[in-house]
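**Q** Structure supplied as coords.pdb; contents: PDB, C-alpha atoms.
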```
ATOM      1  CA  MET A  24     -34.911   6.500  15.729
ATOM      2  CA  ALA A  25     -31.696   8.386  15.003
ATOM      3  CA  GLN A  26     -29.094   6.421  13.118
ATOM      4  CA  GLN A  27     -26.154   5.429  15.301
ATOM      5  CA  GLN A  28     -22.907   7.094  14.276
ATOM      6  CA  PRO A  29     -19.822   4.884  13.760
ATOM      7  CA  SER A  30     -17.369   4.873  16.633
ATOM      8  CA  GLY A  31     -15.013   7.839  16.387
ATOM      9  CA  SER A  32     -17.019   9.674  13.709
ATOM     10  CA  THR A  33     -18.409  13.176  14.044
ATOM     11  CA  GLN A  34     -22.054  13.727  13.149
ATOM     12  CA  GLY A  35     -22.399  15.715   9.943
ATOM     13  CA  HIS A  36     -18.820  15.091   8.853
ATOM     14  CA  PRO A  37     -18.173  12.112   6.549
ATOM     15  CA  GLN A  38     -15.357   9.782   7.479
ATOM     16  CA  LYS A  39     -12.138  10.076   5.516
ATOM     17  CA  THR A  40     -11.383   6.843   3.688
ATOM     18  CA  VAL A  41      -7.834   5.494   3.778
ATOM     19  CA  ALA A  42      -6.694   2.451   1.815
ATOM     20  CA  TYR A  43      -4.228   0.062   3.428
ATOM     21  CA  ILE A  44      -2.035  -2.173   1.264
ATOM     22  CA  MET A  45      -0.042  -5.039   2.730
ATOM     23  CA  SER A  46       1.613  -8.156   1.330
ATOM     24  CA  ARG A  47      -0.623 -10.689   3.080
ATOM     25  CA  PHE A  48      -3.743 -10.487   5.193
ATOM     26  CA  PRO A  49      -4.652 -11.779   7.692
ATOM     27  CA  LYS A  50      -1.221 -12.749   8.988
ATOM     28  CA  ILE A  51      -0.870 -13.625  12.660
ATOM     29  CA  SER A  52       2.740 -12.410  12.799
ATOM     30  CA  GLU A  53       1.585  -8.992  11.515
ATOM     31  CA  THR A  54      -1.062  -8.374  14.143
ATOM     32  CA  PHE A  55       0.377  -4.864  14.537
ATOM     33  CA  ILE A  56      -1.116  -3.934  11.141
ATOM     34  CA  MET A  57      -4.546  -5.150  12.213
ATOM     35  CA  ASN A  58      -4.273  -3.216  15.474
ATOM     36  CA  GLU A  59      -3.256  -0.076  13.600
ATOM     37  CA  ILE A  60      -6.282  -0.345  11.310
ATOM     38  CA  LEU A  61      -8.630  -0.857  14.248
ATOM     39  CA  GLU A  62      -7.179   2.128  16.085
ATOM     40  CA  LEU A  63      -7.517   4.389  13.040
ATOM     41  CA  GLU A  64     -11.162   3.415  12.724
ATOM     42  CA  ARG A  65     -11.676   4.040  16.429
ATOM     43  CA  LEU A  66     -10.295   7.540  15.838
ATOM     44  CA  GLY A  67     -12.814   8.178  13.069
ATOM     45  CA  LEU A  68     -11.154   7.121   9.812
ATOM     46  CA  HIS A  69     -12.618   4.480   7.534
ATOM     47  CA  VAL A  70     -10.046   1.959   6.311
ATOM     48  CA  GLU A  71     -10.375  -0.143   3.161
ATOM     49  CA  ILE A  72      -8.003  -3.121   3.015
ATOM     50  CA  PHE A  73      -6.214  -4.201  -0.165
ATOM     51  CA  PRO A  74      -3.962  -7.243   0.444
ATOM     52  CA  LEU A  75      -1.719  -8.395  -2.386
ATOM     53  CA  ILE A  76      -2.227 -12.012  -1.264
ATOM     54  CA  ARG A  77      -4.959 -13.620   0.799
ATOM     55  CA  GLU A  78      -3.150 -15.442   3.593
ATOM     56  CA  GLN A  79      -4.603 -18.767   4.678
ATOM     57  CA  GLU A  80      -3.781 -19.352   8.324
ATOM     58  CA  GLN A  81      -5.176 -21.826  10.822
ATOM     59  CA  VAL A  82      -5.389 -19.191  13.551
ATOM     60  CA  MET A  83      -7.126 -15.850  13.156
ATOM     61  CA  HIS A  84      -8.001 -13.102  15.604
ATOM     62  CA  PRO A  85     -11.772 -12.534  15.908
ATOM     63  CA  GLU A  86     -11.171  -8.880  14.995
ATOM     64  CA  ALA A  87      -9.371  -9.956  11.806
ATOM     65  CA  ALA A  88     -12.340 -12.024  10.662
ATOM     66  CA  ALA A  89     -14.503  -8.917  10.380
ATOM     67  CA  LEU A  90     -11.796  -7.129   8.378
ATOM     68  CA  VAL A  91     -11.329 -10.133   6.063
ATOM     69  CA  ALA A  92     -15.043 -10.075   5.270
ATOM     70  CA  ARG A  93     -14.712  -6.601   3.714
ATOM     71  CA  ALA A  94     -11.166  -6.735   2.343
ATOM     72  CA  HIS A  95     -10.580  -6.292  -1.394
ATOM     73  CA  TYR A  96      -8.967  -9.535  -2.506
ATOM     74  CA  SER A  97      -8.042 -10.176  -6.126
ATOM     75  CA  THR A  98      -6.310 -12.714  -8.306
ATOM     76  CA  LEU A  99      -3.869 -11.778 -11.037
ATOM     77  CA  VAL A 100      -5.710 -13.707 -13.745
ATOM     78  CA  SER A 101      -9.261 -12.382 -13.695
ATOM     79  CA  GLN A 102     -11.698 -10.369 -15.764
ATOM     80  CA  ALA A 103     -11.530  -7.549 -13.211
ATOM     81  CA  VAL A 104      -7.762  -7.190 -13.591
ATOM     82  CA  LEU A 105      -8.026  -7.275 -17.396
ATOM     83  CA  ALA A 106     -10.814  -4.693 -17.374
ATOM     84  CA  ALA A 107      -8.687  -2.391 -15.201
ATOM     85  CA  GLN A 108      -5.802  -2.536 -17.716
ATOM     86  CA  ILE A 109      -8.150  -1.631 -20.558
ATOM     87  CA  TYR A 110      -9.646   1.201 -18.520
ATOM     88  CA  TRP A 111      -6.271   2.834 -17.815
ATOM     89  CA  LEU A 112      -5.067   2.250 -21.376
ATOM     90  CA  LEU A 113      -8.047   4.226 -22.658
ATOM     91  CA  LYS A 114      -8.304   6.763 -19.838
ATOM     92  CA  GLN A 115      -4.682   7.496 -18.925
ATOM     93  CA  PRO A 116      -2.384   5.788 -21.463
ATOM     94  CA  ARG A 117       0.623   7.988 -20.665
ATOM     95  CA  ALA A 118       0.303   7.394 -16.924
ATOM     96  CA  TYR A 119      -0.308   3.669 -17.437
ATOM     97  CA  PHE A 120       2.714   3.087 -19.659
ATOM     98  CA  GLY A 121       4.750   5.405 -17.460
ATOM     99  CA  ALA A 122       3.907   3.320 -14.389
ATOM    100  CA  TRP A 123       5.007   0.171 -16.203
ATOM    101  CA  ARG A 124       8.233   1.801 -17.365
ATOM    102  CA  GLN A 125       9.126   3.125 -13.919
ATOM    103  CA  ALA A 126       8.260  -0.125 -12.141
ATOM    104  CA  LEU A 127      10.309  -2.294 -14.507
ATOM    105  CA  TRP A 128      13.231   0.099 -14.903
ATOM    106  CA  GLY A 129      13.329   0.828 -11.191
ATOM    107  CA  ASN A 130      13.473  -2.880 -10.328
ATOM    108  CA  ARG A 131      15.886  -3.945 -13.063
ATOM    109  CA  GLY A 132      18.680  -4.456 -10.532
ATOM    110  CA  SER A 133      16.819  -7.214  -8.679
ATOM    111  CA  ARG A 134      15.566 -10.271 -10.546
ATOM    112  CA  LYS A 135      13.147 -11.107  -7.728
ATOM    113  CA  PHE A 136      11.678  -7.611  -7.571
ATOM    114  CA  PHE A 137      11.548  -7.290 -11.369
ATOM    115  CA  VAL A 138       9.524 -10.500 -11.729
ATOM    116  CA  ARG A 139       7.238  -9.491  -8.865
ATOM    117  CA  ALA A 140       6.640  -6.110 -10.494
ATOM    118  CA  LEU A 141       5.117  -7.916 -13.475
ATOM    119  CA  ALA A 142       2.310  -8.990 -11.139
ATOM    120  CA  ILE A 143       2.161  -5.910  -8.919
ATOM    121  CA  VAL A 144       1.489  -3.364 -11.675
ATOM    122  CA  PRO A 145      -1.676  -5.056 -13.041
ATOM    123  CA  GLN A 146      -2.959  -5.661  -9.527
ATOM    124  CA  ALA A 147      -2.257  -2.059  -8.563
ATOM    125  CA  ALA A 148      -4.152  -0.897 -11.652
ATOM    126  CA  LEU A 149      -7.189  -2.795 -10.381
ATOM    127  CA  PHE A 150      -6.767  -1.384  -6.875
ATOM    128  CA  ALA A 151      -6.518   2.130  -8.346
ATOM    129  CA  ARG A 152      -9.836   1.689 -10.153
ATOM    130  CA  GLN A 153     -11.508   0.304  -7.034
ATOM    131  CA  MET A 154     -10.119   3.112  -4.869
ATOM    132  CA  GLN A 155     -11.514   5.709  -7.235
ATOM    133  CA  ARG A 156     -14.953   4.140  -7.031
ATOM    134  CA  ILE A 157     -15.104   4.091  -3.235
ATOM    135  CA  GLY A 158     -13.608   7.530  -2.713
ATOM    136  CA  VAL A 159     -10.255   6.754  -1.125
ATOM    137  CA  ALA A 160      -8.442   9.919  -0.038
ATOM    138  CA  HIS A 161      -5.042   8.468   0.925
ATOM    139  CA  VAL A 162      -3.137   5.221   0.407
ATOM    140  CA  HIS A 163      -0.843   3.717   3.033
ATOM    141  CA  ALA A 164       1.324   0.653   2.458
ATOM    142  CA  HIS A 165       2.970  -1.539   5.049
ATOM    143  CA  TRP A 166       6.433  -2.666   3.902
ATOM    144  CA  ALA A 167       8.735  -0.737   1.609
ATOM    145  CA  THR A 168       8.892  -3.528  -0.976
ATOM    146  CA  HIS A 169       5.915  -4.782  -3.028
ATOM    147  CA  PRO A 170       3.120  -2.981  -1.122
ATOM    148  CA  ALA A 171       4.966   0.338  -1.498
ATOM    149  CA  LEU A 172       5.402  -0.357  -5.220
ATOM    150  CA  ALA A 173       1.644  -0.911  -5.512
ATOM    151  CA  ALA A 174       1.030   2.418  -3.768
ATOM    152  CA  PHE A 175       3.570   4.078  -6.088
ATOM    153  CA  VAL A 176       1.727   2.773  -9.173
ATOM    154  CA  ILE A 177      -1.663   3.820  -7.788
ATOM    155  CA  HIS A 178      -0.286   7.308  -7.192
ATOM    156  CA  ARG A 179       0.986   7.484 -10.770
ATOM    157  CA  LEU A 180      -2.414   6.458 -12.150
ATOM    158  CA  THR A 181      -4.705   8.479  -9.891
ATOM    159  CA  ASP A 182      -2.602  11.193  -8.191
ATOM    160  CA  LEU A 183      -3.790   9.833  -4.840
ATOM    161  CA  PRO A 184      -1.224  10.691  -2.143
ATOM    162  CA  TYR A 185       0.478   7.739  -0.508
ATOM    163  CA  SER A 186       2.738   6.868   2.380
ATOM    164  CA  PHE A 187       4.354   3.680   3.589
ATOM    165  CA  THR A 188       5.787   2.116   6.717
ATOM    166  CA  ALA A 189       9.291   0.640   6.523
ATOM    167  CA  HIS A 190      10.007  -2.014   9.121
ATOM    168  CA  ALA A 191      13.133  -4.178   8.934
ATOM    169  CA  HIS A 192      13.916  -6.769   6.237
ATOM    170  CA  ASP A 193      12.176  -4.567   3.661
ATOM    171  CA  ILE A 194      14.969  -1.981   3.996
ATOM    172  CA  TYR A 195      17.842  -4.125   5.328
ATOM    173  CA  VAL A 196      17.949  -6.853   2.656
ATOM    174  CA  ASP A 197      17.052  -5.249  -0.669
ATOM    175  CA  ARG A 198      16.585  -1.498  -1.214
ATOM    176  CA  THR A 199      15.748  -1.701  -4.910
ATOM    177  CA  MET A 200      13.670   1.336  -6.001
ATOM    178  CA  LEU A 201      13.480   2.557  -2.408
ATOM    179  CA  THR A 202      14.586   6.106  -3.255
ATOM    180  CA  GLU A 203      11.895   6.490  -5.928
ATOM    181  CA  LYS A 204       9.209   5.267  -3.536
ATOM    182  CA  ILE A 205      10.357   7.720  -0.855
ATOM    183  CA  ARG A 206      10.563  10.587  -3.347
ATOM    184  CA  ASP A 207       6.926  10.276  -4.452
ATOM    185  CA  ALA A 208       5.500   9.519  -1.004
ATOM    186  CA  SER A 209       3.786  12.206   1.061
ATOM    187  CA  PHE A 210       5.611  10.848   4.081
ATOM    188  CA  VAL A 211       7.353   7.692   5.265
ATOM    189  CA  VAL A 212       6.962   5.988   8.633
ATOM    190  CA  THR A 213       9.548   3.774  10.240
ATOM    191  CA  ILE A 214       9.871   2.098  13.601
ATOM    192  CA  SER A 215      13.203   3.372  14.934
ATOM    193  CA  GLU A 216      15.703   6.205  14.796
ATOM    194  CA  PHE A 217      18.213   3.684  13.430
ATOM    195  CA  ASN A 218      15.935   3.054  10.447
ATOM    196  CA  ARG A 219      15.434   6.766   9.853
ATOM    197  CA  ARG A 220      19.205   7.291   9.745
ATOM    198  CA  LEU A 221      19.547   4.355   7.360
ATOM    199  CA  LEU A 222      16.936   5.827   5.003
ATOM    200  CA  ARG A 223      18.645   9.217   5.162
ATOM    201  CA  GLU A 224      22.030   7.672   4.354
ATOM    202  CA  HIS A 225      20.536   5.721   1.458
ATOM    203  CA  SER A 226      18.258   8.324  -0.113
ATOM    204  CA  GLY A 227      19.648  11.640   1.054
ATOM    205  CA  SER A 228      17.565  14.707   1.861
ATOM    206  CA  ILE A 229      14.309  13.308   0.457
ATOM    207  CA  ALA A 230      14.238  10.920   3.444
ATOM    208  CA  GLU A 231      13.760  13.921   5.753
ATOM    209  CA  LYS A 232      10.016  13.298   5.332
ATOM    210  CA  THR A 233      10.454  10.119   7.441
ATOM    211  CA  VAL A 234       8.784  10.053  10.854
ATOM    212  CA  VAL A 235       9.389   7.529  13.627
ATOM    213  CA  ILE A 236       6.520   5.643  15.263
ATOM    214  CA  HIS A 237       7.961   3.063  17.619
TER     215      HIS A 237
END
```
What would you get if you wrote out this structure as structure tokens?
**A**
Amino acid sequence: MAQQQPSGSTQGHPQKTVAYIMSRFPKISETFIMNEILELERLGLHVEIFPLIREQEQVMHPEAAALVARAHYSTLVSQAVLAAQIYWLLKQPRAYFGAWRQALWGNRGSRKFFVRALAIVPQAALFARQMQRIGVAHVHAHWATHPALAAFVIHRLTDLPYSFTAHAHDIYVDRTMLTEKIRDASFVVTISEFNRRLLREHSGSIAEKTVVIH
């Protein structure tokens, strides 16, 4: 019996693997991220999910349950995280220390973001190692804050291209390190023309790579 091909895939052509990073998953108020992942897979991509935090909610969509079962969850204090730091120290010491320097220096203007970067960089180092192992071709982050920083660090360690979606509070409240994240991204997505103008006013010509998906 012939093996059934995944929905949206083309026989003889392997699926491209995209990694999605978000702050919390599953989160009922961010159902749009789940729907986006499902639609990409329907179109033939394979999506690996890397949440920064495992959200514990009383209500969950049935579709989210299947994604949770294969998501890459991690805790900051773990042997896996420690092993990832040692790996990058030995394999790419310049890139590893450079990622730390850029993350801390870039977030020095915000106490909240600076403290959060102390956790994001080690976690991103683990994600980078895992993404290498499973053959991720592109990284996409939802939210221009901590998830985009994780994608930025992964890019610095692995050269994997990344993009991110900017929504609302993540660019209205605190734009710390936003220009650096835009500069290194392959492209940026946002949800309105107003947001695209805001990014252009904040970061100049590098924000021309921003596309609008309502």
**Q** Distance cut-off 12 Å, centre (-0.9, -10.7, 18.3) in file coordinates, counting all atoms listed in the file: which residues qualify? Return them as a ChimeraX atom specification.
**A** /A:49-59,82-87
**Q** Check which residues satisfy the PyMOL selection byres ((chain A and resi 109-118) around 12) in the file shown, then give them as a PyMOL selection string.
**A** chain A and resi 102-108+119-126+144-145+147-153+175-182
**Q** So how many Å separate CA of Arg134 in chain A and CA of Leu183 in chain A, to one decimal?
**A**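 Between CA of Arg134 in chain A and CA of Leu183 in chain A the gap works out to 28.5 Å.
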**Q** With the PyMOL selection byres ((chain A and resi 209) around 6) as the selection, what would be picked from this file? Answer as a ChimeraX atom specification, please.
**A** /A:185-186,208,210
**Q** Please indicate the distance in Å from CA of Ile205 in chain A to CA of Ile229 in chain A, rounded to one decimal place.
**A**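 Result for CA of Ile205 in chain A versus CA of Ile229 in chain A: 7.0 Å, one decimal.
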**Q** Report as number ranges by chain the residues that result from applying the PyMOL selection byres ((chain A and resi 219) around 12) to the structure here.
**A** A: 188-191, 194, 205, 211-218, 220-237
**Q** Using only C-alpha atoms, which residue out of A:Lys135, A:Leu99, A:Phe73, A:Leu61 lies closest to Val159 in chain A?
**A**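 Closest to Val159 in chain A of all the choices is A:Phe73.
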**Q** Which residue gives the smallest distance to Lys39 in chain A among A:Val196, A:Ile157, A:Val91, A:Leu127, with all atoms listed in the file counted?
**A**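 Checking each of A:Val196, A:Ile157, A:Val91, A:Leu127 against Lys39 in chain A, counting all atoms listed in the file, the winner is A:Ile157.
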**Q** Do a neighbour search on Arg198 in chain A at 9 Å with all atoms listed in the file, toss out local chain neighbours closer than 5 positions, and write the hits as a list in words.
**A** Ala167, Thr168, Asp193 and His225 of chain A
**Q** How far is it from CA of Ser97 in chain A to CA of Val162 in chain A, in Å with one decimal?
**A**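 Here the two named atoms are 17.4 Å from each other.
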**Q** Please write N, CA, C and O atoms of range 150-161 of chain A, from the structure given just now, as an mmCIF file, in the first residue's frame.
**A**
```cif
data_model
loop_
_atom_site.group_PDB
_atom_site.id
_atom_site.type_symbol
_atom_site.label_atom_id
_atom_site.label_comp_id
_atom_site.auth_asym_id
_atom_site.auth_seq_id
_atom_site.Cartn_x
_atom_site.Cartn_y
_atom_site.Cartn_z
ATOM 1 N N PHE A 150 17.224 26.063 21.716
ATOM 2 C CA PHE A 150 16.379 25.999 20.518
ATOM 3 C C PHE A 150 17.249 25.892 19.261
ATOM 4 O O PHE A 150 16.931 25.134 18.337
ATOM 5 N N ALA A 151 18.334 26.672 19.211
ATOM 6 C CA ALA A 151 19.209 26.653 18.040
ATOM 7 C C ALA A 151 19.775 25.261 17.802
ATOM 8 O O ALA A 151 19.839 24.786 16.661
ATOM 9 N N ARG A 152 20.186 24.613 18.875
ATOM 10 C CA ARG A 152 20.728 23.241 18.762
ATOM 11 C C ARG A 152 19.641 22.290 18.278
ATOM 12 O O ARG A 152 19.884 21.439 17.400
ATOM 13 N N GLN A 153 18.448 22.389 18.841
ATOM 14 C CA GLN A 153 17.356 21.518 18.438
ATOM 15 C C GLN A 153 16.957 21.766 16.982
ATOM 16 O O GLN A 153 16.674 20.819 16.240
ATOM 17 N N MET A 154 16.945 23.023 16.567
ATOM 18 C CA MET A 154 16.574 23.345 15.190
ATOM 19 C C MET A 154 17.586 22.790 14.195
ATOM 20 O O MET A 154 17.219 22.346 13.103
ATOM 21 N N GLN A 155 18.843 22.814 14.553
ATOM 22 C CA GLN A 155 19.858 22.217 13.693
ATOM 23 C C GLN A 155 19.604 20.727 13.508
ATOM 24 O O GLN A 155 19.705 20.199 12.402
ATOM 25 N N ARG A 156 19.266 20.067 14.597
ATOM 26 C CA ARG A 156 19.079 18.611 14.544
ATOM 27 C C ARG A 156 17.899 18.199 13.681
ATOM 28 O O ARG A 156 17.949 17.151 13.028
ATOM 29 N N ILE A 157 16.836 18.995 13.679
ATOM 30 C CA ILE A 157 15.634 18.596 12.943
ATOM 31 C C ILE A 157 15.538 19.246 11.566
ATOM 32 O O ILE A 157 14.571 19.039 10.843
ATOM 33 N N GLY A 158 16.556 20.017 11.200
ATOM 34 C CA GLY A 158 16.603 20.551 9.848
ATOM 35 C C GLY A 158 15.688 21.721 9.574
ATOM 36 O O GLY A 158 15.116 21.820 8.482
ATOM 37 N N VAL A 159 15.567 22.622 10.523
ATOM 38 C CA VAL A 159 14.760 23.829 10.314
ATOM 39 C C VAL A 159 15.415 24.695 9.248
ATOM 40 O O VAL A 159 16.634 24.874 9.229
ATOM 41 N N ALA A 160 14.589 25.237 8.348
ATOM 42 C CA ALA A 160 15.094 26.082 7.265
ATOM 43 C C ALA A 160 14.847 27.572 7.516
ATOM 44 O O ALA A 160 15.538 28.420 6.947
ATOM 45 N N HIS A 161 13.864 27.893 8.341
ATOM 46 C CA HIS A 161 13.524 29.295 8.607
ATOM 47 C C HIS A 161 12.874 29.385 9.977
ATOM 48 O O HIS A 161 12.160 28.468 10.401
#
```
